[in-house]
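Printed here is start-v6.cif (mmCIF, C-alpha atoms):
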```
data_target
#
loop_
_atom_site.label_atom_id
_atom_site.label_comp_id
_atom_site.auth_asym_id
_atom_site.auth_seq_id
_atom_site.Cartn_x
_atom_site.Cartn_y
_atom_site.Cartn_z
CA MET A 75 11.72 44.32 -17.58
CA ARG A 76 12.45 40.63 -17.75
CA VAL A 77 13.08 38.99 -14.41
CA THR A 78 16.22 36.88 -14.55
CA GLN A 79 16.72 34.41 -11.77
CA GLY A 80 17.60 30.74 -11.64
CA THR A 81 19.13 28.73 -14.45
CA PHE A 82 18.44 29.46 -18.16
CA SER A 83 16.99 32.88 -17.37
CA PHE A 84 19.08 34.66 -20.00
CA LEU A 85 17.86 32.25 -22.68
CA PRO A 86 14.54 32.55 -24.48
CA ASP A 87 11.73 30.90 -22.50
CA LEU A 88 11.92 27.10 -22.65
CA THR A 89 9.25 25.27 -24.60
CA ASP A 90 7.27 22.54 -22.85
CA GLU A 91 9.32 19.93 -24.63
CA GLN A 92 12.54 21.49 -23.38
CA ILE A 93 11.14 21.72 -19.86
CA ALA A 94 10.20 18.03 -19.99
CA THR A 95 13.74 17.17 -21.10
CA GLN A 96 15.19 19.10 -18.17
CA VAL A 97 12.79 17.34 -15.78
CA ALA A 98 13.75 13.98 -17.24
CA TYR A 99 17.40 14.84 -16.55
CA CYS A 100 16.56 15.71 -12.92
CA LEU A 101 14.63 12.47 -12.45
CA ARG A 102 17.55 10.49 -13.90
CA GLN A 103 19.73 12.02 -11.18
CA SER A 104 17.07 10.92 -8.63
CA TRP A 105 16.25 14.49 -7.70
CA ALA A 106 12.74 15.39 -6.54
CA VAL A 107 11.14 18.14 -8.61
CA ASN A 108 8.62 20.55 -7.17
CA ILE A 109 6.64 23.48 -8.48
CA GLU A 110 6.45 26.90 -6.85
CA TYR A 111 4.62 30.07 -7.83
CA THR A 112 4.58 33.68 -6.72
CA ASP A 113 3.47 37.12 -7.79
CA LYS A 114 6.39 38.74 -5.92
CA PRO A 115 9.53 37.87 -7.87
CA HIS A 116 11.76 40.13 -5.75
CA PRO A 117 15.29 38.67 -5.79
CA ARG A 118 15.30 38.46 -1.99
CA ASN A 119 11.99 36.59 -1.94
CA THR A 120 13.39 33.07 -1.59
CA TYR A 121 10.24 31.39 -0.40
CA TRP A 122 7.65 31.04 -3.13
CA GLU A 123 4.31 29.32 -2.59
CA MET A 124 4.39 25.57 -3.17
CA TRP A 125 2.04 24.12 -5.74
CA GLY A 126 0.72 20.88 -4.24
CA GLN A 127 3.04 18.46 -2.57
CA PRO A 128 6.65 17.87 -3.59
CA MET A 129 6.82 15.02 -6.09
CA PHE A 130 9.04 12.22 -4.87
CA ASP A 131 9.71 8.87 -6.59
CA LEU A 132 8.62 9.96 -10.03
CA ARG A 133 10.03 8.07 -12.99
CA ASP A 134 8.77 10.12 -15.89
CA PRO A 135 8.38 13.87 -16.55
CA ALA A 136 4.72 13.44 -17.58
CA GLY A 137 3.61 13.72 -13.94
CA VAL A 138 5.45 17.02 -13.45
CA MET A 139 4.13 18.40 -16.74
CA LEU A 140 0.60 17.52 -15.64
CA GLU A 141 0.99 19.53 -12.43
CA LEU A 142 2.72 22.36 -14.29
CA ALA A 143 -0.25 22.64 -16.65
CA ALA A 144 -2.60 22.79 -13.65
CA CYS A 145 -0.45 25.41 -11.93
CA ARG A 146 -0.28 27.57 -15.07
CA LYS A 147 -4.04 27.37 -15.37
CA ALA A 148 -4.43 28.72 -11.84
CA HIS A 149 -1.48 31.13 -11.75
CA GLY A 150 -0.77 31.88 -15.41
CA ASP A 151 -0.49 35.60 -14.63
CA GLY A 152 2.33 35.04 -12.12
CA TYR A 153 5.76 33.48 -11.96
CA VAL A 154 6.15 29.71 -11.78
CA ARG A 155 9.44 27.89 -11.25
CA LEU A 156 10.58 24.30 -11.06
CA SER A 157 13.12 23.32 -8.42
CA ALA A 158 14.99 20.04 -8.24
CA PHE A 159 16.24 18.78 -4.89
CA ASP A 160 18.99 16.27 -4.25
CA ALA A 161 18.59 14.17 -1.10
CA SER A 162 21.73 12.07 -1.48
CA HIS A 163 23.48 13.84 1.42
CA GLY A 164 20.61 13.07 3.76
CA TRP A 165 19.01 16.49 3.43
CA GLU A 166 17.29 18.08 0.48
CA SER A 167 19.55 20.54 -1.30
CA LEU A 168 18.61 22.62 -4.29
CA ARG A 169 20.34 21.51 -7.48
CA LEU A 170 18.47 23.23 -10.25
CA SER A 171 15.82 25.91 -10.35
CA PHE A 172 14.39 27.69 -13.34
CA ILE A 173 11.43 29.85 -14.25
CA VAL A 174 8.85 28.14 -16.44
CA ASN A 175 6.11 30.75 -16.51
CA ARG A 176 6.12 34.52 -16.35
CA PRO A 177 3.35 37.10 -16.77
CA ALA A 178 2.79 38.65 -20.18
CA GLU A 179 3.89 42.01 -18.90
CA GLU A 180 6.63 42.29 -16.32
CA PRO A 181 6.74 45.65 -14.58
CA GLY A 182 10.25 45.06 -13.22
CA PHE A 183 12.01 46.90 -10.38
CA ALA A 184 13.32 50.35 -9.69
CA VAL A 185 16.13 51.42 -7.36
CA GLU A 186 15.22 53.88 -4.68
CA ARG A 187 17.92 55.91 -2.90
CA ASN A 188 17.44 57.14 0.64
CA GLU A 189 19.80 59.40 2.52
CA VAL A 190 20.33 58.12 6.04
CA ASP A 191 22.74 59.04 8.84
CA GLY A 192 24.06 62.16 7.22
CA ARG A 193 25.59 61.45 3.78
CA ARG A 194 25.19 57.62 3.79
CA ILE A 195 22.92 56.22 1.08
CA ASP A 196 20.64 53.21 1.38
CA TYR A 197 19.46 51.45 -1.75
CA THR A 198 16.13 49.64 -1.94
CA LEU A 199 14.64 47.69 -4.82
CA HIS A 200 10.97 48.30 -5.17
CA ARG A 201 8.56 46.87 -7.64
CA ARG A 202 7.18 49.15 -10.28
CA ALA A 203 3.40 49.17 -10.24
CA MET B 241 3.13 0.80 -53.07
CA SER B 242 6.84 0.92 -53.71
CA GLU B 243 7.92 1.09 -50.10
CA THR B 244 8.56 -2.25 -48.51
CA VAL B 245 8.88 -3.11 -44.93
CA ASP B 246 10.70 -5.88 -43.15
CA LEU B 247 8.46 -7.00 -40.32
CA GLN B 248 10.94 -9.64 -39.24
CA LYS B 249 13.62 -6.99 -38.86
CA ALA B 250 11.33 -4.74 -36.84
CA TYR B 251 10.47 -7.70 -34.65
CA ALA B 252 14.12 -8.53 -34.08
CA GLN B 253 14.92 -4.89 -33.37
CA SER B 254 12.20 -4.50 -30.78
CA ARG B 255 13.65 -7.53 -28.90
CA VAL B 256 10.12 -8.29 -27.79
CA GLY B 257 10.64 -11.90 -28.84
CA GLU B 258 12.97 -12.42 -25.88
CA VAL B 259 10.26 -11.42 -23.42
CA LEU B 260 7.65 -13.55 -25.17
CA ASP B 261 10.01 -16.55 -25.11
CA GLN B 262 10.71 -15.90 -21.46
CA LEU B 263 6.98 -15.79 -20.81
CA GLU B 264 6.60 -19.08 -22.65
CA THR B 265 9.36 -20.94 -20.82
CA GLU B 266 9.15 -19.47 -17.34
CA LEU B 267 5.40 -19.46 -16.89
CA ILE B 268 3.70 -22.82 -16.88
CA GLY B 269 0.26 -23.24 -18.42
CA LEU B 270 -1.75 -20.02 -18.99
CA LYS B 271 -2.26 -20.82 -22.70
CA PRO B 272 -5.04 -18.25 -23.32
CA VAL B 273 -3.02 -15.55 -21.57
CA LYS B 274 0.10 -16.21 -23.64
CA ALA B 275 -1.99 -16.23 -26.82
CA ARG B 276 -3.54 -12.86 -25.95
CA VAL B 277 -0.20 -11.33 -25.09
CA ALA B 278 1.27 -12.57 -28.39
CA GLU B 279 -1.72 -11.11 -30.30
CA LEU B 280 -1.28 -7.80 -28.56
CA ALA B 281 2.43 -7.77 -29.32
CA ALA B 282 1.68 -8.47 -33.00
CA LEU B 283 -0.83 -5.62 -33.14
CA LEU B 284 1.54 -3.16 -31.55
CA LEU B 285 4.42 -4.19 -33.79
CA VAL B 286 2.37 -3.82 -36.98
CA ASP B 287 1.13 -0.47 -35.68
CA ARG B 288 4.67 0.68 -35.19
CA VAL B 289 5.72 -0.35 -38.68
CA ARG B 290 2.68 1.47 -40.09
CA ARG B 291 3.61 4.58 -38.16
CA ASP B 292 7.16 4.42 -39.55
CA LEU B 293 5.72 4.44 -43.07
CA GLY B 294 3.57 7.44 -42.28
CA LEU B 295 0.26 5.57 -42.28
CA VAL B 296 -2.43 6.54 -39.84
CA SER B 297 -2.12 4.51 -36.69
CA ALA B 298 -4.24 5.67 -33.83
CA LEU B 299 -2.58 4.79 -30.58
CA PRO B 300 -4.58 1.81 -29.37
CA THR B 301 -6.10 1.82 -25.90
CA LEU B 302 -3.85 -0.41 -23.89
CA HIS B 303 -5.61 -0.47 -20.55
CA MET B 304 -6.25 -4.04 -19.52
CA VAL B 305 -8.11 -6.06 -16.99
CA PHE B 306 -6.82 -9.39 -15.70
CA THR B 307 -9.42 -11.62 -14.14
CA GLY B 308 -8.81 -14.96 -12.52
CA ASN B 309 -8.78 -16.86 -9.28
CA PRO B 310 -6.14 -16.24 -6.61
CA GLY B 311 -2.64 -17.44 -7.45
CA THR B 312 -3.10 -17.74 -11.21
CA GLY B 313 -0.22 -15.40 -12.06
CA LYS B 314 -1.93 -12.05 -12.67
CA THR B 315 0.79 -9.97 -10.98
CA THR B 316 3.61 -11.95 -12.57
CA VAL B 317 2.19 -11.44 -16.06
CA ALA B 318 1.63 -7.72 -15.34
CA MET B 319 5.33 -7.33 -14.56
CA ARG B 320 6.23 -8.95 -17.90
CA MET B 321 3.63 -6.85 -19.66
CA ALA B 322 5.46 -3.68 -18.59
CA GLU B 323 8.63 -4.96 -20.25
CA ILE B 324 6.78 -6.00 -23.44
CA LEU B 325 5.05 -2.63 -23.76
CA ARG B 326 8.31 -0.79 -23.25
CA ARG B 327 10.10 -2.79 -25.92
CA LEU B 328 7.28 -2.04 -28.34
CA GLY B 329 7.65 1.62 -27.51
CA CYS B 330 4.17 2.06 -26.01
CA ILE B 331 5.50 3.26 -22.67
CA ARG B 332 8.74 5.03 -21.92
CA SER B 333 9.97 3.01 -18.98
CA ASN B 334 9.37 -0.52 -17.78
CA HIS B 335 8.43 0.37 -14.24
CA LEU B 336 5.28 -0.99 -12.68
CA ILE B 337 3.60 0.57 -9.68
CA ALA B 338 1.46 -2.01 -7.90
CA VAL B 339 -1.23 -0.50 -5.70
CA THR B 340 -4.41 -1.51 -3.89
CA ARG B 341 -7.37 0.48 -2.60
CA ASP B 342 -5.39 1.74 0.41
CA ASP B 343 -2.89 3.55 -1.80
CA LEU B 344 -5.56 5.39 -3.80
CA VAL B 345 -8.40 6.15 -1.42
CA GLY B 346 -7.99 8.61 1.44
CA GLN B 347 -9.44 8.55 4.91
CA TYR B 348 -11.17 11.89 5.09
CA ILE B 349 -12.71 14.47 2.78
CA GLY B 350 -10.15 16.04 0.46
CA HIS B 351 -7.56 13.34 1.09
CA THR B 352 -8.40 11.07 -1.84
CA ALA B 353 -7.65 13.32 -4.80
CA PRO B 354 -4.07 14.22 -3.85
CA LYS B 355 -3.38 10.62 -2.90
CA THR B 356 -4.67 9.21 -6.17
CA LYS B 357 -2.91 11.89 -8.19
CA GLU B 358 0.38 11.21 -6.44
CA ILE B 359 0.20 7.53 -7.36
CA LEU B 360 -0.78 8.37 -10.94
CA LYS B 361 2.18 10.73 -11.25
CA LYS B 362 4.52 8.05 -9.96
CA ALA B 363 3.17 5.56 -12.48
CA MET B 364 3.36 7.91 -15.48
CA GLY B 365 5.57 6.65 -18.25
CA GLY B 366 5.00 3.09 -17.05
CA VAL B 367 2.28 0.75 -15.87
CA LEU B 368 -0.14 1.21 -12.97
CA PHE B 369 -1.27 -2.15 -11.63
CA ILE B 370 -4.35 -2.02 -9.39
CA ASP B 371 -4.75 -5.28 -7.54
CA GLU B 372 -8.19 -6.26 -6.26
CA ALA B 373 -9.60 -3.30 -8.16
CA TYR B 374 -13.22 -4.11 -7.23
CA TYR B 375 -12.52 -2.86 -3.67
CA LEU B 376 -12.40 0.68 -5.10
CA HIS B 377 -16.16 0.64 -5.29
CA ARG B 378 -18.09 -0.02 -2.11
CA PRO B 379 -21.77 0.00 -3.02
CA GLU B 380 -22.87 -0.49 0.59
CA ASN B 381 -21.49 2.93 1.57
CA GLU B 382 -22.72 5.73 -0.66
CA ARG B 383 -20.34 8.25 0.90
CA ASP B 384 -17.33 6.05 0.24
CA TYR B 385 -14.35 7.98 -1.14
CA GLY B 386 -13.59 5.17 -3.60
CA GLN B 387 -15.88 6.81 -6.15
CA GLU B 388 -13.69 9.91 -6.16
CA ALA B 389 -10.60 7.81 -6.89
CA ILE B 390 -12.47 6.06 -9.71
CA GLU B 391 -13.41 9.38 -11.30
CA ILE B 392 -9.84 10.69 -11.26
CA LEU B 393 -8.60 7.38 -12.59
CA LEU B 394 -11.08 7.37 -15.46
CA GLN B 395 -10.18 10.91 -16.42
CA VAL B 396 -6.46 10.16 -16.53
CA MET B 397 -7.02 6.87 -18.37
CA GLU B 398 -8.83 8.82 -21.06
CA ASN B 399 -6.67 11.95 -21.34
CA LYS B 400 -3.21 10.56 -20.71
CA ARG B 401 -3.40 7.42 -22.80
CA ASP B 402 0.10 7.85 -24.18
CA ASP B 403 1.64 8.39 -20.75
CA LEU B 404 0.16 5.59 -18.73
CA VAL B 405 -1.20 2.06 -19.05
CA VAL B 406 -3.56 0.90 -16.32
CA ILE B 407 -3.98 -2.79 -15.54
CA LEU B 408 -6.81 -3.79 -13.22
CA ALA B 409 -6.78 -7.20 -11.61
CA GLY B 410 -9.29 -9.12 -9.57
CA TYR B 411 -11.45 -12.18 -9.24
CA ALA B 412 -13.77 -12.67 -12.20
CA GLY B 413 -17.13 -12.54 -10.41
CA ARG B 414 -16.39 -9.49 -8.32
CA MET B 415 -14.85 -7.61 -11.25
CA GLU B 416 -18.06 -8.22 -13.16
CA THR B 417 -20.10 -6.51 -10.40
CA PHE B 418 -17.55 -3.72 -10.30
CA PHE B 419 -17.89 -3.07 -14.05
CA ALA B 420 -21.66 -3.27 -13.84
CA SER B 421 -21.72 -0.38 -11.37
CA ASN B 422 -19.00 1.59 -13.20
CA PRO B 423 -19.87 1.36 -16.89
CA GLY B 424 -17.25 4.01 -17.72
CA PHE B 425 -14.54 1.56 -16.87
CA ARG B 426 -15.61 -1.21 -19.17
CA SER B 427 -15.67 1.00 -22.24
CA ARG B 428 -12.23 2.40 -21.50
CA ILE B 429 -10.62 -1.00 -21.24
CA ALA B 430 -9.90 -2.76 -24.50
CA HIS B 431 -8.31 -5.96 -23.32
CA HIS B 432 -9.97 -8.41 -20.99
CA ILE B 433 -7.62 -11.28 -20.26
CA GLU B 434 -8.84 -14.24 -18.31
CA PHE B 435 -6.48 -16.37 -16.26
CA PRO B 436 -7.63 -20.00 -16.09
CA ASP B 437 -7.09 -22.23 -13.06
CA TYR B 438 -4.14 -24.58 -13.24
CA ALA B 439 -4.57 -28.29 -13.91
CA ILE B 440 -2.92 -30.78 -11.58
CA ASP B 441 0.00 -31.46 -13.96
CA GLU B 442 0.68 -27.75 -14.28
CA LEU B 443 0.69 -27.37 -10.50
CA MET B 444 3.20 -30.23 -10.22
CA ALA B 445 5.40 -28.57 -12.84
CA ILE B 446 5.19 -25.29 -10.91
CA ALA B 447 6.17 -27.12 -7.73
CA SER B 448 9.28 -28.59 -9.32
CA VAL B 449 10.28 -25.22 -10.79
CA LEU B 450 9.83 -23.56 -7.38
CA LEU B 451 11.85 -26.28 -5.65
CA ALA B 452 14.62 -26.19 -8.23
CA ALA B 453 14.89 -22.43 -7.79
CA GLN B 454 15.65 -23.01 -4.10
CA ASP B 455 17.99 -25.99 -4.64
CA TYR B 456 15.58 -28.59 -3.32
CA ARG B 457 14.04 -31.61 -4.96
CA PHE B 458 11.40 -34.25 -4.24
CA SER B 459 12.25 -37.88 -3.71
CA ASP B 460 10.09 -40.16 -5.91
CA ALA B 461 7.84 -41.07 -3.01
CA ALA B 462 7.53 -37.42 -2.03
CA GLU B 463 6.52 -36.49 -5.54
CA SER B 464 3.63 -38.92 -5.64
CA ALA B 465 2.65 -37.86 -2.12
CA PHE B 466 2.67 -34.24 -3.21
CA ARG B 467 0.47 -35.06 -6.20
CA ARG B 468 -2.06 -36.65 -3.84
CA TYR B 469 -1.69 -33.62 -1.54
CA VAL B 470 -2.48 -31.17 -4.35
CA GLU B 471 -5.44 -33.26 -5.54
CA ALA B 472 -6.89 -33.20 -2.02
CA ARG B 473 -6.08 -29.53 -1.52
CA MET B 474 -7.80 -28.52 -4.76
CA ARG B 475 -11.10 -29.80 -3.41
CA GLN B 476 -10.82 -27.84 -0.18
CA PRO B 477 -11.95 -24.24 0.22
CA TYR B 478 -9.59 -21.28 -0.25
CA PHE B 479 -7.42 -23.09 -2.72
CA ALA B 480 -5.16 -20.45 -4.29
CA ASN B 481 -3.48 -22.29 -7.18
CA ALA B 482 0.24 -21.59 -7.43
CA ARG B 483 0.21 -19.64 -4.17
CA SER B 484 -1.11 -22.67 -2.27
CA VAL B 485 1.59 -24.79 -3.87
CA ARG B 486 4.25 -22.32 -2.80
CA ASN B 487 2.94 -22.23 0.76
CA ALA B 488 2.80 -26.05 0.92
CA LEU B 489 6.41 -26.20 -0.23
CA ASP B 490 7.46 -23.65 2.38
CA ARG B 491 5.85 -25.78 5.08
CA ALA B 492 7.53 -28.91 3.69
CA ARG B 493 10.89 -27.15 3.90
CA LEU B 494 10.14 -26.29 7.50
CA ARG B 495 9.35 -29.90 8.38
CA HIS B 496 12.40 -31.02 6.44
CA ALA B 497 14.60 -28.77 8.56
CA VAL B 498 12.94 -29.96 11.77
CA ARG B 499 13.50 -33.61 10.80
CA LEU B 500 17.19 -33.02 10.01
CA PHE B 501 17.59 -31.15 13.26
CA ALA B 502 16.01 -34.00 15.24
CA GLU B 503 18.47 -36.45 13.66
CA ARG B 504 21.43 -34.19 14.29
CA GLY B 505 23.53 -37.04 15.76
CA ARG B 506 24.23 -38.45 12.30
CA THR B 507 26.39 -37.09 9.55
CA LEU B 508 24.38 -35.43 6.80
CA THR B 509 25.11 -35.75 3.11
CA MET B 510 24.38 -33.24 0.38
CA ASP B 511 21.52 -35.52 -0.63
CA ASP B 512 19.92 -35.23 2.81
CA LEU B 513 20.01 -31.46 2.57
CA VAL B 514 18.34 -31.14 -0.81
CA THR B 515 15.85 -34.01 -0.85
CA ILE B 516 12.38 -33.55 0.53
CA GLY B 517 11.02 -36.91 1.64
CA PRO B 518 7.42 -38.18 1.65
CA GLU B 519 7.07 -37.77 5.44
CA GLU B 520 7.30 -33.98 5.03
CA ILE B 521 4.31 -34.01 2.69
CA LEU B 522 2.27 -36.65 4.47
CA ALA B 523 2.42 -34.72 7.76
CA SER B 524 0.08 -32.11 6.25
CA ARG B 525 -3.30 -31.30 7.77
CA VAL B 526 -4.88 -31.76 4.37
CA PHE B 527 -4.51 -35.56 4.57
CA ALA B 528 -6.00 -35.58 8.08
CA ALA B 529 -9.02 -33.68 6.74
CA VAL B 530 -9.41 -36.22 3.90
CA ALA B 531 -9.18 -39.13 6.31
CA ALA B 532 -11.79 -37.55 8.60
CA ALA B 533 -14.24 -36.96 5.75
#
```

Conversion result in structure tokens:
Amino acid sequence: MRVTQGTFSFLPDLTDEQIATQVAYCLRQSWAVNIEYTDKPHPRNTYWEMWGQPMFDLRDPAGVMLELAACRKAHGDGYVRLSAFDASHGWESLRLSFIVNRPAEEPGFAVERNEVDGRRIDYTLHRRA
Amino acid sequence: MSETVDLQKAYAQSRVGEVLDQLETELIGLKPVKARVAELAALLLVDRVRRDLGLVSALPTLHMVFTGNPGTGKTTVAMRMAEILRRLGCIRSNHLIAVTRDDLVGQYIGHTAPKTKEILKKAMGGVLFIDEAYYLHRPENERDYGQEAIEILLQVMENKRDDLVVILAGYAGRMETFFASNPGFRSRIAHHIEFPDYAIDELMAIASVLLAAQDYRFSDAAESAFRRYVEARMRQPYFANARSVRNALDRARLRHAVRLFAERGRTLTMDDLVTIGPEEILASRVFAAVAAA
């Protein structure tokens, strides 16, 4: 089951060229782009691992693509996303985030129902093995 | 061959002529440098036209090294070079990141690689200018982290040739030692450009350009005094060409202001405010040193 989160996730996967174009757009808006990876793509898992340091003051997408290639090499069997942060308000706020790498096979999630407190039902998402 | 090509049109379209003209008019002297830059521009333009016609044109190695004494205009030319390369389509943006050893080399184990990579990423798409590049290599300390920075740099210079142009700058003698101990560098750099020292007339021309830019001018007596000042200064140690001239002018402006302030009882004219007199130049320590010798 394909994990859909962030921008563009209902489109076919972006090619490297398309990713670079998106990064170039972010840099033109003076947003800082960083790379994160995880093997737990649960929708409630907001905090992914950071790949290296956030990249401030870049002028060209080549630097991001270089790091992305390195991250894919190390974590090609997991999920990788790019996030762009806007600091113009004085704090970094997320402007754009999209998945740029996903494993070949995505097990997806299943809903589990638990009966609690009499007839009330709790729903939990759990990852299929 | 039926296809024809209008080189003149390509030249006009690239608007590289404007930058070359600017280089010619705004920078005094530096004949060999201007000639090399013009040659390089011609090569890149012809390459681009060839590429448009579908001929093979391997992207030339554009990394350069600028050698020359202090104050001969290495940084200034590097800034213009970024603009020229962008107009010829060799780099995507005209930004130039100027760094020295401190920006590349870390202070403890594992600090250098991320630091160097961060700078390289910032420079991508443009020009990385490494001033005093010979400091990267410290032969007297074999555990120096400079070597690590050099290795990363070499790797990126080789693999990312279309993303980044590296310009190294430094004094001729010390760069020579640097290349001798890092042979990888020499072979990866195609263009060695040497910056000659300025002649006395060129230094005087630079002085008048610098003064005019700040709305000052020499009186006739001050001009001849300044010529004698520069002649004496050139023979003293630590002479830094245009930089020494600029510093001398800054000191002259200071003395000029002090003199006007001391005479503050009288009404000043516009002429008083813009004219630097001979006394400002003659007060310099350089003349005292000449007299003592």

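Applied to the file shown here, the PyMOL selection byres ((chain B) within 6 of (chain A)) selects the residues Lys361, Lys362, Met364 and Gly365 of chain B.
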
The PyMOL selection byres ((chain A and resi 180) around 8) on the file shown: which residues, as a PDB file with C-alpha atoms, in the frame of the given file?
```
ATOM      1  CA  MET A  75      11.720  44.320 -17.580  1.00  0.00           C
ATOM      2  CA  ARG A  76      12.450  40.630 -17.750  1.00  0.00           C
ATOM      3  CA  VAL A  77      13.080  38.990 -14.410  1.00  0.00           C
ATOM      4  CA  ARG A 176       6.120  34.520 -16.350  1.00  0.00           C
ATOM      5  CA  PRO A 177       3.350  37.100 -16.770  1.00  0.00           C
ATOM      6  CA  ALA A 178       2.790  38.650 -20.180  1.00  0.00           C
ATOM      7  CA  GLU A 179       3.890  42.010 -18.900  1.00  0.00           C
ATOM      8  CA  PRO A 181       6.740  45.650 -14.580  1.00  0.00           C
ATOM      9  CA  GLY A 182      10.250  45.060 -13.220  1.00  0.00           C
TER      10      GLY A 182
END
```

Target residues per the PyMOL selection byres ((chain A and resi 102) around 12), formatted as a PyMOL selection string: (chain A and resi 95-101+103-107+131-135+158+160) or (chain B and resi 333)

Minimum-distance residue to Lys274 of chain B, chosen among B:Glu434, B:Glu442, B:Asp371, B:Asp343 (using only C-alpha atoms): B:Glu434

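Residues lying within 12 Å of (0.8, 34.5, -20.2). Counted over only C-alpha atoms, they are Asp87, Arg146, Lys147, Ala148, His149, Gly150, Asp151, Gly152, Tyr153, Val154, Val174, Asn175, Arg176, Pro177, Ala178, Glu179 and Glu180 of chain A.
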
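Taking atom CA of Ile268 of chain B as the reference point, atom CA of Ala472 of chain B is found at 21.0 Å.
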
Separation of atom CA of Arg473 of chain B from atom CA of Thr515 of chain B in Å: 22.4 Å

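Atom pair atom CA of Glu471 of chain B / atom CA of Arg486 of chain B has a distance of 14.9 Å (rounded to one decimal).
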
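With only C-alpha atoms as the atoms that count, the residue of A:Ala144, A:Ser83, A:Arg201, A:Arg193 with the shortest distance to Asp113 of chain A is A:Arg201.
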
Local residues around (-4.6, 5.7, -33.1), at most 12 Å away, using only C-alpha atoms, as a ChimeraX atom specification: /B:283-284,287-288,290-291,295-302,330,401-402

Non-local contacts of Tyr374 of chain B (10 Å; all atoms listed in the file; under 6 positions in same chain excluded) as a PyMOL selection string: chain B and resi 340-341+386+408-419

Could I get segment 160-172 of chain A rebuilt with N, CA and C atoms, written as a short mmCIF file (atom, residue, chain, number, x, y, z; two decimals), keeping the file's coordinate frame?
```cif
data_model
loop_
_atom_site.label_atom_id
_atom_site.label_comp_id
_atom_site.auth_asym_id
_atom_site.auth_seq_id
_atom_site.Cartn_x
_atom_site.Cartn_y
_atom_site.Cartn_z
N ASP A 160 18.17 17.47 -4.35
CA ASP A 160 18.99 16.27 -4.25
C ASP A 160 19.04 15.86 -2.79
N ALA A 161 18.62 14.62 -2.50
CA ALA A 161 18.59 14.17 -1.10
C ALA A 161 19.74 13.22 -0.79
N SER A 162 20.73 13.12 -1.69
CA SER A 162 21.73 12.07 -1.48
C SER A 162 22.63 12.34 -0.28
N HIS A 163 22.67 13.59 0.23
CA HIS A 163 23.48 13.84 1.42
C HIS A 163 22.69 13.58 2.69
N GLY A 164 21.42 13.26 2.57
CA GLY A 164 20.61 13.07 3.76
C GLY A 164 19.73 14.28 4.04
N TRP A 165 19.94 15.37 3.33
CA TRP A 165 19.01 16.49 3.43
C TRP A 165 18.77 16.98 2.01
N GLU A 166 17.66 17.65 1.83
CA GLU A 166 17.29 18.08 0.48
C GLU A 166 18.06 19.35 0.13
N SER A 167 18.88 19.31 -0.90
CA SER A 167 19.55 20.54 -1.30
C SER A 167 19.21 20.87 -2.74
N LEU A 168 19.07 22.16 -2.98
CA LEU A 168 18.61 22.62 -4.29
C LEU A 168 19.70 22.38 -5.33
N ARG A 169 19.36 21.76 -6.44
CA ARG A 169 20.34 21.51 -7.48
C ARG A 169 20.08 22.34 -8.73
N LEU A 170 18.80 22.54 -9.01
CA LEU A 170 18.47 23.23 -10.25
C LEU A 170 17.14 23.94 -10.03
N SER A 171 17.05 25.16 -10.51
CA SER A 171 15.82 25.91 -10.35
C SER A 171 15.69 26.83 -11.54
N PHE A 172 14.56 26.80 -12.20
CA PHE A 172 14.39 27.69 -13.34
C PHE A 172 12.94 28.10 -13.51
#
```
